[in-house]
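This report concerns only the one structure given below.
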Amino acid sequence: MLDLRDIVVTHKRPGGEPVRAVRGVSLTVERGQVVGLVGESGCGKSSLARVASGLEAPTSGEALFEGRPLNALKTRQRPLEDRRLQMVFQNPYASLSPRRTVESQLLDGVPGRVERSDRSAEVERLLTLVGLPVGAANRYPSQFSGGQRQRLAIARALAADPSLVVADEPVTALDAFSSAQIVRLLQTLVAELDMAMLFISHDLSLVRAIADETCVMYAGEIVERGPSEQLWNDPQHDYTKALIAAIPEIGPVKRLPGLDEN
Ligand SMILES: Nc1ncnc2c1ncn2[C@@H]1O[C@H](COP(=O)(O)OP(=O)(O)OP(=O)(O)O)[C@@H](O)[C@H]1O
Ligand SMILES: [Mg+2]
């Protein structure tokens with residue numbers, strides 16, 4: 001489905017040393033599979049995500065989607081078959097405008113023409129899929145909360161009937177509660193719609209919750225890949241161990257000294 005081969009991404013900076021953000025990454029996502037990509041800030045996740053979603057050409061290496069090379073084209077200029085690859089970003093406004101109605105933006109996402117008589121049914125279907133009320137259609141993204149806006153961005157991606165969604169930190173900007181809800185929504189959608197997903201996050205516990213397999217990225221390289229549970233229970237690479245050790249344990253809050261009841 002998605003086949004990244006030896007991808008290198010070097011960012012040129014005017015007047016500075018080029019940044020080698022991705023240093024030879026190979027990664028595959030199979031049909032219906034959820035692959036997690038985890039690593040600390042600056043390790044190259046978004047640089048790789050932009051290649052994986054065809055937004056940027058790699059400096060070297062090959063990116064194939066459904067067996068064809070991904071051309072770095074803006075989504076709207078893409079041939080219809082490449083729209084089966086959709087993206088969800090940290091900032092929902094990367095794919096939505098705050099000031100156009102939800103309905104018109106969702107319809108924009110549908111490849112090909114939608115007959116006038118089918119439009120409201122399609123918008124209704126998409127809103128329902130992401131758990132938003134049908135009445136959202138005539139409102140504007142700016143009138144929604146962060147979590148709801150991310151639902152709209154997901155609905156926009158689903159409009160193209162994607163076989164693969166690349167989600168780059170889709171819940172990082174949200175509070176813990178909304179974040180958990182969006183993760184649950186993505187899980188449900190992947191199962192119901194038979195989509196594959198590349199789920200990118202700096203948060204290993206989130207990735208573990210959603211991904212069948214996890215790739216750990218460190219300084220532009222993938223240092224470990226395995227089934228998420230196995231990687232969690234028996235990490236091989238020192239960096240993976242450090243990531244797991246850094247996760248705060250959740251449990252009953254210890255009583256603070258001095259705050260005991262009399
Ligand atoms: N357009 C760009 N021009 C120059 N340098 C860039 C560009 N985009 C990213 N970089 C650099 O490449 C490296 C990797 O960045 P990238 O955004 O891919 O990391 P990331 O893992 O997504 O980080 P985060 O978790 O903060 O989103 C960083 O050193 C970053 O400063
Ligand atoms: Mg990033």
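Each chain in the structure tokens gets a letter, A, B, ..., in the order shown, and its residues are numbered from 1; ligands are numbered from 1 in order too.
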
(request) Might you pull out every residue within 6 Å of region 52-64 of chain A, with only C-alpha atoms counted and same-chain residues fewer than 2 positions away left off, and present them as a PyMOL selection string? (result) chain A and resi 2-9+49-50+67-72

(request) From a DSSP pass on the backbone, collect the residues of region 13-194 of chain A flagged as helix (DSSP H, G or I) and hand them back as an MDAnalysis selection string. (result) chainID A and resid 45:52 75:77 80:84 92:94 102:108 116:129 134:138 141:143 146:158 176:193

(request) Output the neighbourhood of ligand 1 as JSON, numbers by chain, that is, all protein and nucleic acid residues with some atom at most 9 Å from the ligand, counting only C-alpha atoms and all ligand atoms. (result) {"A": [9, 10, 11, 12, 13, 14, 18, 19, 20, 21, 22, 38, 39, 40, 41, 42, 43, 44, 45, 46, 47, 48, 49, 50, 90, 168, 169, 200, 201, 202, 217, 218, 219, 220]}

(message) Can you pull out every residue from region 141-202 of chain A that DSSP, working from the backbone, puts in strand (DSSP E), and format the result as a list in words?
(response) Leu164, Val165, Val166, Ala167, Asp168, Ala196, Met197, Leu198, Phe199, Ile200 and Ser201 of chain A

Let's have the selection written as a PDB file, in the first residue's frame, with C-alpha atoms.
ATOM      1  CA  LEU A 164      -4.538   5.235   3.585  1.00  0.00           C
ATOM      2  CA  VAL A 165      -4.498   8.153   5.996  1.00  0.00           C
ATOM      3  CA  VAL A 166      -1.255   9.723   7.139  1.00  0.00           C
ATOM      4  CA  ALA A 167      -1.994  11.398  10.480  1.00  0.00           C
ATOM      5  CA  ASP A 168       0.829  13.621  11.740  1.00  0.00           C
ATOM      6  CA  ALA A 196      -4.689   1.787   6.612  1.00  0.00           C
ATOM      7  CA  MET A 197      -3.072   4.517   8.673  1.00  0.00           C
ATOM      8  CA  LEU A 198       0.358   5.870   9.423  1.00  0.00           C
ATOM      9  CA  PHE A 199      -0.146   7.410  12.868  1.00  0.00           C
ATOM     10  CA  ILE A 200       2.615   9.771  13.910  1.00  0.00           C
ATOM     11  CA  SER A 201       3.128  11.000  17.444  1.00  0.00           C
TER      12      SER A 201
END

(request) Choose the residue, out of A:Leu37, A:Ile182, A:Ala137, A:Ala211, that has the smallest atom-to-atom separation from Thr101 (chain A); count only C-alpha atoms. (result) A:Ala137

(message) Residues within 10 Å of Leu231 (chain A), please, as a count of residues only. Count only C-alpha atoms; anything in the same chain fewer than 3 positions from it doesn't count.
(response) 17

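For the set A:Leu129, A:Leu96, A:Val34, A:Ala173, the residue with the smallest atom-to-atom gap to ligand 2 is A:Ala173, counting only C-alpha atoms and all ligand atoms.
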
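In this model, the gap between CA of Met1 (chain A) and CA of Val110 (chain A) comes to 21.0 Å.
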
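When only C-alpha atoms and all ligand atoms are used to compute distances to ligand 2, the closest of the residues A:Thr172, A:Leu193, A:Val183, A:Val223 turns out to be A:Thr172.
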
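Distance-wise, CA of Gln187 (chain A) and CA of Arg151 (chain A) end up 13.1 Å apart.
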
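The residue that comes closest to Ala160 (chain A), out of A:Leu206, A:Leu106, A:Leu189, A:Ala180 and on the basis of only C-alpha atoms, is A:Leu106.
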
(request) Could you check which of A:Arg31, A:Pro162, A:Arg139, A:Val171 is closest to ligand 2, using only C-alpha atoms and all ligand atoms? (result) A:Val171

(request) Point out the residue among A:Asp161, A:Asp194, A:Asp203, A:Glu66 with the least atom-to-atom distance to ligand 2, counting only C-alpha atoms and all ligand atoms. (result) A:Asp203

(message) At a cut-off of 9 Å, using only C-alpha atoms, what residues contact Gln181 (chain A)? Leave out same-chain residues fewer than 5 positions from it and give the result as a ChimeraX atom specification.
(response) /A:147,176,186

Residues from the last selection, N, CA and C atoms, saved as a PDB file, in the first residue's frame:
ATOM      1  N   GLY A 147     -11.380  19.875  19.348  1.00  0.00           N
ATOM      2  CA  GLY A 147     -11.650  18.465  19.085  1.00  0.00           C
ATOM      3  C   GLY A 147     -12.647  18.292  17.938  1.00  0.00           C
ATOM      4  N   ALA A 176      -6.360  16.222  27.028  1.00  0.00           N
ATOM      5  CA  ALA A 176      -6.288  14.765  27.170  1.00  0.00           C
ATOM      6  C   ALA A 176      -7.613  14.084  26.828  1.00  0.00           C
ATOM      7  N   LEU A 186     -10.569   7.447  15.480  1.00  0.00           N
ATOM      8  CA  LEU A 186      -9.696   6.942  14.408  1.00  0.00           C
ATOM      9  C   LEU A 186      -9.659   5.415  14.413  1.00  0.00           C
TER      10      LEU A 186
END

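Taking only C-alpha atoms, the non-local environment of Pro98 (chain A) within 8 Å (same-chain residues fewer than 4 positions away omitted) comprises Tyr93, Tyr140, Pro141 and Ser142 of chain A.
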
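Interatomic distance, CA of Leu132 (chain A) to CA of Gln148 (chain A): 7.5 Å.
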